[in-house]
Structure formats: structure tokens, C-alpha cells
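First up is the structure itself, then whatever we jot down about it.
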Amino acid sequence: MEQLAWLIPVLPLAGFLLSLFLGKGTPKNILGSIASLMILVPFILTVSIFIPFANSVDQEPIRMVFFEWMHIGSLSINYSIQLDQLSLMMMLVITGVGFLIHVYSVGYMHDDENFHKFFAYLNLFVFFMLVLVMGSNYILLFVGWEGVGLCSYLLIGFWYKNPEYNKAANKAFIMNRIGDLGLLLGVFLLYLRFSTFEFNRIAFEAMQIDPGDPLLRNATLLLFIGAIGKSAQLPLFTWLPDAMAGPTPVSALIHAATMVTAGIYLIIRSNVLFTLAPFTQEIIMIVGLVTAIFAATIGLKQNDIKKVLAYSTVSQLGYMFFALGLGAYTAAYFHLFTHAFFKALLFLGSGSVIHAMGGEQDIRKMGGLKKYMPVTHLTFAIGTFAIAGIPPLAGFFSKDQILASAFAHNPIFWVLGLGGALLTAFYMFRLFYLTFYGSFRGTHEQEHHLHESPKTMTIPLIVLAVCSVFAGFVNVPEVLGGNHWLDRFFADILAGSTFILEGQEHAHLSHTLEYILMAVSVVAVLSVIFYARIRYNKNGHVPAADGESIPAWQKLLVDKYRIDELYDAIVVRPVIAASTWIQKIFETNFFDRIVNGVGQVVILSSRTARFLQTGNVGFYVFAMAIGILAILAANLFLN
Amino acid sequence: MQTPDTFTLPLTGMITVALLAFPFISGLLCLFMPKQAKQVALASTLIQAVITAYAIYLFDINYRTGFLANMQGIVEMPWITQLGVKFFVGLDGISMLMVILTNFLLPLIVLSTWKREFKQSSLFYFLMLFMQSALVGVFISLDAFLYYIFWELALIPIYFIVLIWGGENRVRITFKFFIYTLSGSLLMLAAIIWLYFQAGSFSIGDLYNLRLDPSSQRFIFWAFFAAYAIKIPLLPFHSWQPDTYTTAPNAGAMLLSGIMLKMGIYSILRWILPITPHAVVAYADVAIIMAIAGVVYASWIAIGQKDFKRMIAWSSIAHVGLITAGVFTLTQVGFQGALVQMIAHGVNVIGLFFVAEIFLNRLNTTQMENLGGIRQLAPVFASTFMIITFASAALPLTNSFVGEFLLLNALYETSYWYAAIGGLTVILGAVYMLRAYKTTMLGDVQQVAGFADLSLSEKMVLFPVVALIVVLGVYPQFIFNLTDESVKFLLFQIDQHLATTL
């Protein structure tokens, strides 16, 4: 099966071309089936390659070189793939969740006139995402990295008649590009030191370097800037909430489950470098933790169902970076893995709700949807419990592992991390109760229209709900009778980092302490849920309408701390204003004047100014030039 | 591109001369067949492309004459014996690449005018083909005087094309353009004559063997560099460019930006670096700083442009700035990056100016705010334009990513800051290109009702552009293979010169 690995990215690419080629004329079911099949087959292939890895501990990574991309002197870049535990785990998520979202989209996008384009872009996205995780070097990673950015742009602006959506698409691409420049410079720095772009050779040679080396510090900081852009961390996070302009399946696949986790992948892939750069680790930890809490506070006061989920994504990604900064790479991946399921589930659930509500996204106008949409309600409930971290659902295990690492580092981090988790539990249950419980607050027309979504939409919801229940079992800690399967599975990937950290003090938590921490966090989360239930279900509290006056701190949260306005005022508008301004000052007043001044002097002194008006001076010069040429030509023949 | 063990016909001088003379001769034919001038011009450029393809087929990348690496198809005969001027031409990898650029893009440029009826069209097409010959001449000349003549000859047709068929203020603008470029050229002429007195010959081999003292090298360097900095153009010699590109008919702008400005970059590689390496080493930083300042400055101005053509003009200054900076890194990667990026820029800028031509044809304006909403009326056009947009923004797997990546990588080795500041093009390029695309193509239809999708002749321009974008982006290696020997020779020549003098 390994020999067919090249098909894994190629099939989605073929699907992209095929969808565009078939175009509008083809029946939608056929288009949707083809596109879904182009993801399903790679999923099956991935599973078949994955099985031997899962069964044996020391499976060597598979490397294949296909052909040369750029080869100049000692610089050599190939189209080559590397399949190991990390890339295979990523590929499972991408193709698995990707396939479910394709199936869901067949129902969700059924009435869209550009159905074929939607599936073309979705296939293209999967292609680039697979390139990102399968490539064996930083340049192929960068190809995927920018490629998914392109697809994100295309899909955010999918309904391009709306100027706001187009703005959001541009914003996403450009903000990502800021990060991309950082990533590119980081890769150049690595190349300068190691003369290669290959992951395995860089990791191998980096092992010779002492921790704290300034070159590695700078390189990892630059790579992290890339991760900040792509994974929507502070300060480059504002594109992600705006990205919700895209169709909801896109939000689920690209802006929750896969693309935004590329930054996490990048860092785990480069874990040796980051482990050798403790300063960068500190920065990552702080950025992650601050983002986790900051985004969660915004989530408390949002009323757009997708915006709440978007800020929740930013916040959960913050948790993953927090874990990375702590050096808990497996914990970060584990959370990425469980998050992919429950966040995709929540987004698709919200899509189902929006579908039923005829496009309405404001949770203040929903309520009581439980009785109209039983499947959506049940699966959404599972997703909500999973993200809140209620055992034994997936989110509990992954969040618990991060919090345990945080406590081992410093109990204060544990407190802060738990604080963020409580905020998460609150805004998610606020959303959940406002949407599904109480009485319906929308229009009569909407109420009449309420219905459960079709099978193509509910079946993916059910599958994802099942995954959200069981995904946590891949890494059950010993205290709960598990065997840390994922930790052992990733041992090879992280061998370098483990080796570097060997001999360093490991604050190990006692089992008793672990039980206590778990109990405290579960009880705290349950109390928050209980509070949310009283407030939004029992008392039927509905968030204030847009015009209503509210306390200043609440207004600040509703306005998302006015970060967008701030960036607009200090970056966007000055850049655009300066563009006109530079042109006026330098071009008109400076360069043009000098040139024209010189020209004037020349003209006056040669007294040919009168030709200027007619433009004849050029002709004279040409007559001269042609004369010279004629003489030269004559000379040739005379010789 | 033959391997040495297979026996084939060599690339003979006949073919080199054909490449040089054929466009001019068929240009004359245009003058005599005014009704069919357009058809004659298209047929001529297509035949020329076939001749070029044949030359590529015969070109042997491993061939060694001992003269300027793999120089082949050489013709050397006396011309003005009293002055020692020779008709001396030949092709090495770099020249071949530039000839490929010229001859493969010209058919697209001619096709881009298919829908337009020029007054005195026979003259127009004659000038275009005349220009093609002159450009080929610049790229294959191995005699400095001959080179200079072609350099000046290339200016004549484009001057008239802009003057006669240009837009607003064309008289004033072409005058400025002409004076500007001519003054640069005169400095170069003075330098060439001075070199002649030192070497006793205009022949490139003799000039390469000159070992000038560093202070004379500096004068020669600046004299040449002024001509090239104006042609490219680099900051602060750029002020003729935006006006000229904007007022020029689109085909003229394509010639100027797609091919003609590459004369400057090519000439740095061919004439400045090997002859005055000491001065190059001394002033490399100055040149790089000029170039990179231009990248940021021009990108920034491009953001605020309201006219689509003017935006392309500014973006072009930014792109060629980065190419020039890469050349002055004096590294193999920098040279190869510059070469591949010259091709990529040529392809993309022709695509962009053709988009401008389509706007102008349909709506008689290139003011972006008067457009908008075109995507829903012309989906094929929208898709091709989008691909060109992202190629200009150097998305990976498009042609200009390869160049931009290599150039920035080479700059990084020279100085971290060069790459970091030059790298701002990654961000700014996305800003102005996406703004332009959004303003012209997206949103709802306002003032563009009835905008027709691409016609057959338009597809025949844009589809090859898109194909070249993808092919060069995915597999640029054949370009590196073609120019590998010449680039290595160039580095060798520079190193040897630096080692043997002083």
C-alpha cells in the first residue's frame, strides 16, 4: 500500500480538476459523490498505511522522492514525502473528518448555484493540507501552508457578491501572509545553518547544538510567527472570526478541524528545534495561555452562533500552544485530535441549525429547537459536553493532560488554564441552552420552516458525535487505568526532544494529586454548567439586544475589545493613507521635480525648447541615429 | 538540449542569424501588406517561435567551446574594419533563455492586439517585429558596439509605438522616456568606447580578459549601471516608468515590461559583472539597497493606485527590484533566481496587461472603481485573472514563487535585513493584488452590465499564460539546466578576475 501513497494527495487534486471540468451541467449528486470519493479513497489508503505503524513500536518512517523541483548547486528541493506517526495521524484527521464534511456539504450546499466550485475548492483544500503534512521538507510544508491559505481565501469569499465577505477573505489571506513571511525567513535561517530543508536532516544535525543557541532561538521564533498567523493566535487572530463568512462546512473543516492546526503541526514537526530553544518555548506558552483566556472572554458575549464557535476555536488553539510551550507535544496533539472531532461536530451542528433557521445565525432569535431537531440537539449536546471537558468524553482527557502538564510546570498555570476551561464551559452552555431550550424567539415564518436536516447532514453529525465520545480513549492516563497509547505512539517522533531533556528534573505528579486535580476541575466545570443552566434555561435570560445599554465591561466584550478597530486605526488606514501620501510627497514633489528640472536645464541650454511642444525633438534624434546606422551599413557592404 | 553522446547537428550560426533577421524581414512584409499586417505579424512570430524551438532542440547544454562556457551558434565576421567592430553573435544558456522569453512571448503580444484596429496598423506591426529583432540582437551580441547598436535600435520602435498609439499626454511622456533612456545609453556608449581603447577591441572575450584597476572599474561600473538602472528601472531612476506604462498601448506596455526591461538585468549579468567585478563587489550593497528600497517603495505606492495599469506599473518596479537585488548577491542561487524570475515576470505582466486590455476593450476604462462584479458575468475570465493574481503574489506552485523564493534565499545569505525587508513584498504584493482583484472582479454588478466572457482570441492569450504559470511553477528545473553552465562560468569569471588582479 505504501507504493500508492502518492495517490493520497493526487486524488483530491484530480477531484478539483474534475469538478471544474464537469462544471455546472453535471447533476449535483454526481459531483458531490465524486468529490467525496476523492477523499474517501485517500482515507482508506491512509488507514492501510497506518495499521502497521499502529501495530509495531519501531516502524521506520517511509520516505519517497518523486521528482526534482529545484536543484541549483548544493540547494536541492524535491517533491518527496515522509510518512511517520505524526503525518499519518494528521492524514487520518484530514481525510476522515474531511470526508464527513464533504458528505455533509452535499446536503448543506444543495441549493447553491456554484455547487461544483464549492466541491472543487474543498478538494483543492484537502490536497494542499495533505501536501502540508506529507511533505518531507519545509518547502513542501510551505507549499501546503500557502495553498490552504489560498483555499481559505476562496471559500471565505465563496459568496463573492457580498463585499463584507470579500473583505474577510482578503483579510484572512493577508494576515496569514504576515505569518508566512516569518515562516519563510525562519526556514531560510535554518537553511543557512544546516544547508538543507529536509525535516529529518535538520532535526538530526540540530542535536549537535547546545540548548539556548541564539540561531535556533531566532529560527524558532520566526517559525512561531508563521504558526501565529495560520493558527490565529494573538496578535494575528482577528481574521478567524471574520472567516466565518464562508459556508459553515468550510468553517468546520478549514477554520476549526484542520487548517488552523497547521501551526501546531509545524511545531511538533520541529520539536527538536523548539526543545533546544527554551526562550521561544516560554513565549509560545505565554502567547498560548493569553490567547486561550482572551478569546474565551470574548466568546462569553457573542450572539452569533458561528462567532462563538470561532472564538472558541481561537481559545482552544491557544490551549494547544500552551501545551507546546510547556514541552507537552503529545498533549498538544492529543487536544488537536479530539478538538478536530468535537469542533467539527459543533460547527456542523450549528450549520444544521442555521439551515433550519433559514440563514439566521443570532442565538437571541433561536430557542426551543430541541423538539424540532432531535438529532442535531443530541449530537450538539455531546459536542458541548466534550468541549467542556466532562468525562468520559474526548475533551476531558486531552484538556486534563494539558492541565496536568501545566500543574507540573507551575500550579499558577494550572489555575489560569482551568479558568479558561470554565469560561469555555460557560459560553458553550450559554450557546447550547439559548439555542435548543426555552421557547422559540424567531419569526413565525422561521418557526413554520423549522425541520431536522436531511440524512446526508445528520449522519456525519452522528459519526462525529461517536468520535467525540471515544476519541479521548487513544491516550487514557495510567491513573484512570489507561496505557498512554498516543504517548507511546509518538515516542519516535519526539525521541530527539526526549533525549535532549534527559536527566533534567521532571516534576512528576503523584497519582493522588492527579485524582484531586481532576476532581477539582470536573466539579468546577459542572458548577459552571449548572450556573449557565439556571441563568439561560431556568430563568430564560436572553442577551441584550443590540441597541440596549449594558455595562461598559460587557460592551467591551461584545465589541471584541475593539481589536479590529485598533488594527484598522494603527495599521490598515495608515498604510493606505501613506501610499497616497508617499506618492504625493516623493513622486510629485521630489523625483518629478528633479527629473523635470534637469530636463529643463538641458532643453534651455540646447535651445530646443520649442520642439518640446510638438515632440519633434525625438524625430531629430532618431533621424540622427538612423543616419549613423545607414553609414555603418554602407560601410559593411563596401568592405 | 542534447546530451553529448548522441550525435546531432550543431546549433549553427545560420540559425542564430535567422533568429535575428527573420522578424525584421517579415516586419517589412507587413509594410507591404497593410491589409493583412496583423496576420503576417502573427504568422511571423509563430514561425519565429518554431525556429526558437528548433534552436532549443539543437542547443547542447554540455557543449564546450572554451569560449564563454557553452556559447554556440557563433557567427563572427568583420564589419567596420577600421574600428575593429565585428558582427559577432552567439548563444549561451543565458542568451538562449532571453531569446526564448522574447520569441515565445511575442506571439502572445501580437495576439493580444487581435481585437484592436490600429490606425496605420502595418506600421504598428512593423515596429513590433523590428523591436523583436532588436531585442534578440541585444541578447545575442558578443561585440560591445554591435550590442550598443541593438540596444539603441530597441528604443526606436517602442518610442514610436507609445508616441503614435499611446493615450493621454503621450507627447510629453514619451519625450521624458526618451531623454531619460537616451542619457543613460550615452553614458554606456562612453564606457564602451573607453573600454575599446583599453582592450583594442569590442569583442566580449577581450573585454572579459581586461584587468582594469579598481578605480577605473568604478567609473565603468557606474556608466553601465546608470543605463541599466534607468531601463529596469531602479529607484531613483524610475519616474519615467509609471507614466510610460500607463499611457502606452497595452501591447507596448507588454513589450516594455515583459521583455525590454530584462535587457537591463541581462546586461548586468553579461557586461557589468564579468568586466568590473571589483567595482561590483564594492557597490553590491549600494545596488541591493537601491533595489530593495524600490521593492518596498513601489509596492507601497501600488496599494493606493486607482488605475489598474498604473498599479501594474508600480508592481513591476517592485518585482524587478527584487530580481536586481538577487543578481547583486553574486551567488549561483541569486543568478538562477533572477533568471527564472525574469521569465516569470514576463509571463505574468503580459497576463496582467492583457487583463487591462480586456477592461479597456469592453468598458473603455481601467479605473478600478468603475469596475466590480465582473466575476459573475465572466467566470472563465475571472478564473484566469485570479490565477495570474496569485502568481503575481508568488503563491507556491506558480512561476514567481520559484524566483521569489530563490532570490530571498540568496539575499538572506548576504544579509538578514535584505531578505526581511525585501520579503515585505510577500505581504504587500498580496495586499495590492487582492485589492485590485476585489475591486475589479468581486462584489455585485454595478457598472459592468453585459461584460462578455473571454472570446477565442483572448483565450489563446490567457490560457498559455496560465499554462506557463503552472508549468514553470511546478517544474522550473529545465530553466536551471539550460543556464547552469553559463551561470557557473559567470561565477568562475568573477572569481578569477578578483583573484588575479591586485
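Numbering starts fresh at 1 for the residues of each chain in the C-alpha cells, the chains themselves are lettered A, B, ... in the order given, and ligands are numbered from 1 as they appear.
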Give me, as a PyMOL selection string, the residues of stretch 128-158 of chain A that a backbone DSSP run labels helix (DSSP H, G or I). chain A and resi 128-134+138-156
Per-residue nearest contacts chain A to chain B, cut-off 6 Å, using only C-alpha atoms, as CSV:
residue,atom,partner,partner_atom,distance
A:Trp69,CA,B:Tyr475,CA,5.8
A:Met70,CA,B:Gln477,CA,5.7
A:Val143,CA,B:Pro396,CA,5.2
A:Tyr160,CA,B:Gly443,CA,5.7
A:Lys161,CA,B:Gly443,CA,4.1
A:Asn162,CA,B:Gly443,CA,5.6
A:Pro163,CA,B:Gly443,CA,5.3
A:Arg177,CA,B:Ile427,CA,5.5
A:Ile178,CA,B:Ile427,CA,5.9
A:Phe188,CA,B:Asn409,CA,6.0
A:Ser579,CA,B:Ile301,CA,4.8
A:Thr580,CA,B:Gly304,CA,5.7
A:Gly615,CA,B:Val171,CA,5.6
A:Leu636,CA,B:Trp79,CA,5.2
Write the residues of the selection above to a file with N, CA and C atoms, as a PDB file, in the first residue's frame.
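Saved file selection07.pdb follows:
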ATOM      1  N   TRP A  69      12.337  19.368  -7.832  1.00  0.00           N
ATOM      2  CA  TRP A  69      11.645  20.639  -8.026  1.00  0.00           C
ATOM      3  C   TRP A  69      12.668  21.713  -8.389  1.00  0.00           C
ATOM      4  N   MET A  70      13.581  21.961  -7.467  1.00  0.00           N
ATOM      5  CA  MET A  70      14.628  22.945  -7.736  1.00  0.00           C
ATOM      6  C   MET A  70      15.948  22.320  -7.319  1.00  0.00           C
ATOM      7  N   VAL A 143       4.471  25.023   0.754  1.00  0.00           N
ATOM      8  CA  VAL A 143       3.538  24.927  -0.374  1.00  0.00           C
ATOM      9  C   VAL A 143       2.138  24.649   0.150  1.00  0.00           C
ATOM     10  N   TYR A 160     -19.249  35.771  -3.305  1.00  0.00           N
ATOM     11  CA  TYR A 160     -18.428  36.949  -3.573  1.00  0.00           C
ATOM     12  C   TYR A 160     -19.245  38.192  -3.915  1.00  0.00           C
ATOM     13  N   LYS A 161     -20.570  38.033  -3.967  1.00  0.00           N
ATOM     14  CA  LYS A 161     -21.354  39.237  -4.238  1.00  0.00           C
ATOM     15  C   LYS A 161     -21.414  40.145  -3.015  1.00  0.00           C
ATOM     16  N   ASN A 162     -21.142  39.553  -1.865  1.00  0.00           N
ATOM     17  CA  ASN A 162     -21.210  40.321  -0.626  1.00  0.00           C
ATOM     18  C   ASN A 162     -19.850  40.959  -0.330  1.00  0.00           C
ATOM     19  N   PRO A 163     -19.782  42.298  -0.360  1.00  0.00           N
ATOM     20  CA  PRO A 163     -18.497  42.978  -0.163  1.00  0.00           C
ATOM     21  C   PRO A 163     -17.856  42.664   1.191  1.00  0.00           C
ATOM     22  N   ARG A 177      -0.382  35.968   5.404  1.00  0.00           N
ATOM     23  CA  ARG A 177       0.875  36.258   4.717  1.00  0.00           C
ATOM     24  C   ARG A 177       1.910  36.878   5.654  1.00  0.00           C
ATOM     25  N   ILE A 178       1.439  37.644   6.632  1.00  0.00           N
ATOM     26  CA  ILE A 178       2.383  38.219   7.598  1.00  0.00           C
ATOM     27  C   ILE A 178       3.109  37.084   8.311  1.00  0.00           C
ATOM     28  N   PHE A 188      14.704  30.012   5.912  1.00  0.00           N
ATOM     29  CA  PHE A 188      15.979  30.466   5.342  1.00  0.00           C
ATOM     30  C   PHE A 188      17.092  30.392   6.381  1.00  0.00           C
ATOM     31  N   SER A 579       0.283  55.429   1.402  1.00  0.00           N
ATOM     32  CA  SER A 579       0.513  55.131  -0.003  1.00  0.00           C
ATOM     33  C   SER A 579       0.269  56.373  -0.864  1.00  0.00           C
ATOM     34  N   THR A 580      -0.854  57.013  -0.651  1.00  0.00           N
ATOM     35  CA  THR A 580      -1.161  58.237  -1.395  1.00  0.00           C
ATOM     36  C   THR A 580      -0.184  59.347  -1.034  1.00  0.00           C
ATOM     37  N   GLY A 615       6.957  67.619 -29.804  1.00  0.00           N
ATOM     38  CA  GLY A 615       7.516  66.288 -29.667  1.00  0.00           C
ATOM     39  C   GLY A 615       8.485  65.965 -30.784  1.00  0.00           C
ATOM     40  N   LEU A 636      29.598  48.332 -44.189  1.00  0.00           N
ATOM     41  CA  LEU A 636      29.641  46.876 -44.231  1.00  0.00           C
ATOM     42  C   LEU A 636      29.682  46.380 -45.669  1.00  0.00           C
TER      43      LEU A 636
END
Do you have the atom CA of A:Ser48-atom CA of A:Gly383 distance handy? 28.5 Å
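Of the residues in stretch 50-243 of chain B, those that DSSP places in strand (DSSP E or B) on the basis of the backbone are Gln72, Gly73, Ile74, Val75, Glu76, Met77, Pro78, Trp79, Ile80, Val85, Lys86, Phe87, Phe88, Val89, Gly90, Leu91, Ser141, Asp143 and Ser203 of chain B.
The shortest atom-to-atom distance to A:Val525, with only C-alpha atoms taken into account, belongs to A:Phe385 out of A:Phe407, A:Tyr329, A:Phe53, A:Phe385.
Every protein or nucleic acid residue with an atom no more than 10 Å from A:Leu253, counting only C-alpha atoms and leaving out same-chain residues fewer than 2 positions away, appears here: Ile94, Val97, Gly98, Phe99, Leu100, Ile101, His102, Leu122, Phe125, Val126, Thr248, Pro249, Val250, Ser251, His255, Ala256, Ala257, Thr258, Met259, Val260, Ala340, Phe341, Lys343, Ala344, Leu345, Phe347 and Leu348 of chain A.
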Enter the distance from atom CA of B:Met128 to atom CA of B:Ala18, in Å, rounded to one decimal.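 One can read the atom CA of B:Met128 to atom CA of B:Ala18 distance as 17.0 Å.
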Distance query B:Pro10 at most 9 Å, only C-alpha atoms, self and fewer than 6 positions along chain excluded, as an MDAnalysis selection string: chainID B and resid 58:60 72:73
Could you turn the residues from that selection into a file that holds N, CA and C atoms, as a PDB file, in the first residue's frame?
ATOM      1  N   LEU B  58      18.380  21.965 -30.759  1.00  0.00           N
ATOM      2  CA  LEU B  58      19.778  21.782 -31.151  1.00  0.00           C
ATOM      3  C   LEU B  58      20.747  22.204 -30.060  1.00  0.00           C
ATOM      4  N   PHE B  59      20.292  23.042 -29.180  1.00  0.00           N
ATOM      5  CA  PHE B  59      21.184  23.610 -28.171  1.00  0.00           C
ATOM      6  C   PHE B  59      21.733  22.497 -27.280  1.00  0.00           C
ATOM      7  N   ASP B  60      23.038  22.508 -27.120  1.00  0.00           N
ATOM      8  CA  ASP B  60      23.683  21.460 -26.345  1.00  0.00           C
ATOM      9  C   ASP B  60      24.174  22.064 -25.031  1.00  0.00           C
ATOM     10  N   GLN B  72      27.339  28.889 -28.348  1.00  0.00           N
ATOM     11  CA  GLN B  72      27.258  28.156 -29.620  1.00  0.00           C
ATOM     12  C   GLN B  72      26.435  28.931 -30.640  1.00  0.00           C
ATOM     13  N   GLY B  73      26.402  28.408 -31.833  1.00  0.00           N
ATOM     14  CA  GLY B  73      25.735  29.128 -32.917  1.00  0.00           C
ATOM     15  C   GLY B  73      26.444  30.438 -33.194  1.00  0.00           C
TER      16      GLY B  73
END
I'd like the neighbourhood of stretch 1-11 of chain A as a list in words, where a residue qualifies if any of its atoms comes within 9 Å (using only C-alpha atoms), though same-chain residues fewer than 6 positions away should be ignored. Leu37, Met38, Ile39, Val41, Pro42, Phe43, Leu45, Thr46, Ser48, Ile49, Ile62, Met64, Phe66, Ile81, Leu83, Asn123, Val126, Phe127, Phe128, Met129, Leu130, Val131 and Met134 of chain A
Please write the residues from the selection above to a file, keeping C-alpha atoms, as a PDB file, in the first residue's frame.
ATOM      1  CA  LEU A  37     -14.925   9.639  -3.139  1.00  0.00           C
ATOM      2  CA  MET A  38     -11.708  11.531  -3.840  1.00  0.00           C
ATOM      3  CA  ILE A  39     -11.368  11.959  -0.084  1.00  0.00           C
ATOM      4  CA  VAL A  41     -10.131   6.592  -1.077  1.00  0.00           C
ATOM      5  CA  PRO A  42      -7.184   8.522   0.413  1.00  0.00           C
ATOM      6  CA  PHE A  43      -8.714   7.890   3.844  1.00  0.00           C
ATOM      7  CA  LEU A  45      -5.203   4.259   1.883  1.00  0.00           C
ATOM      8  CA  THR A  46      -4.089   6.202   4.937  1.00  0.00           C
ATOM      9  CA  SER A  48      -3.962   0.817   5.445  1.00  0.00           C
ATOM     10  CA  ILE A  49      -0.578   2.504   5.830  1.00  0.00           C
ATOM     11  CA  ILE A  62       8.520   5.888   4.939  1.00  0.00           C
ATOM     12  CA  MET A  64       9.762   8.608  -1.064  1.00  0.00           C
ATOM     13  CA  PHE A  66       9.177  11.608  -6.684  1.00  0.00           C
ATOM     14  CA  ILE A  81       7.019  12.645   1.175  1.00  0.00           C
ATOM     15  CA  LEU A  83       5.129   9.196   6.345  1.00  0.00           C
ATOM     16  CA  ASN A 123     -10.951  19.062  -2.773  1.00  0.00           C
ATOM     17  CA  VAL A 126      -7.624  18.714   1.128  1.00  0.00           C
ATOM     18  CA  PHE A 127      -4.892  18.354  -1.484  1.00  0.00           C
ATOM     19  CA  PHE A 128      -2.879  21.243  -0.057  1.00  0.00           C
ATOM     20  CA  MET A 129      -3.473  20.144   3.515  1.00  0.00           C
ATOM     21  CA  LEU A 130      -2.147  16.696   2.647  1.00  0.00           C
ATOM     22  CA  VAL A 131       0.885  18.244   0.961  1.00  0.00           C
ATOM     23  CA  MET A 134       3.083  14.670   3.930  1.00  0.00           C
TER      24      MET A 134
END
In Å, how far is it from atom CA of B:Gly184 to atom CA of B:Ile275? 18.5 Å
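Nearest residue to B:Phe328 among B:Gln341, B:Ala282, B:Thr45, B:Ile350 is B:Ala282, counting only C-alpha atoms.
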Need the shell around stretch 132-144 of chain B: protein/DNA/RNA residues with any atom at most 6 Å away, counting only C-alpha atoms. Skip same-chain ones fewer than 5 positions apart. Format as a ChimeraX atom specification? /B:20,23-24,88-91,95,99,150-151,153-154,202-204
I need the residue nearest B:Thr500 from this list: B:His319, B:Lys309, B:Arg211, B:Arg218. Use only C-alpha atoms for the distance.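 Comparing B:His319, B:Lys309, B:Arg211, B:Arg218 against B:Thr500, the winner is B:Arg211.
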Extract, using only C-alpha atoms, all DNA, RNA and protein residues at most 12 Å from A:Asp112, discarding same-chain residues fewer than 4 positions from it, and format them as a list of chain:residue names.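 Returned residues: A:Lys24, A:Lys28, A:Ser105, A:Val106, A:Gly107, A:Tyr108, A:His116, A:Lys117, A:Phe118, A:Phe119, A:Phe158, A:Trp159, A:Pro247.
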Would you save the residues from that selection as a PDB file, in the first residue's frame, using C-alpha atoms?
ATOM      1  CA  LYS A  24     -22.482  23.345 -13.611  1.00  0.00           C
ATOM      2  CA  LYS A  28     -25.186  17.753  -8.034  1.00  0.00           C
ATOM      3  CA  SER A 105     -21.866  19.558   2.293  1.00  0.00           C
ATOM      4  CA  VAL A 106     -23.775  17.625  -0.351  1.00  0.00           C
ATOM      5  CA  GLY A 107     -26.869  18.349   1.699  1.00  0.00           C
ATOM      6  CA  TYR A 108     -25.878  21.746   3.026  1.00  0.00           C
ATOM      7  CA  HIS A 116     -19.337  22.439  -8.370  1.00  0.00           C
ATOM      8  CA  LYS A 117     -16.939  25.199  -7.429  1.00  0.00           C
ATOM      9  CA  PHE A 118     -17.522  24.605  -3.758  1.00  0.00           C
ATOM     10  CA  PHE A 119     -16.508  20.971  -4.067  1.00  0.00           C
ATOM     11  CA  PHE A 158     -17.313  31.969  -1.783  1.00  0.00           C
ATOM     12  CA  TRP A 159     -20.368  34.208  -1.863  1.00  0.00           C
ATOM     13  CA  PRO A 247     -20.191  28.453   4.211  1.00  0.00           C
TER      14      PRO A 247
END
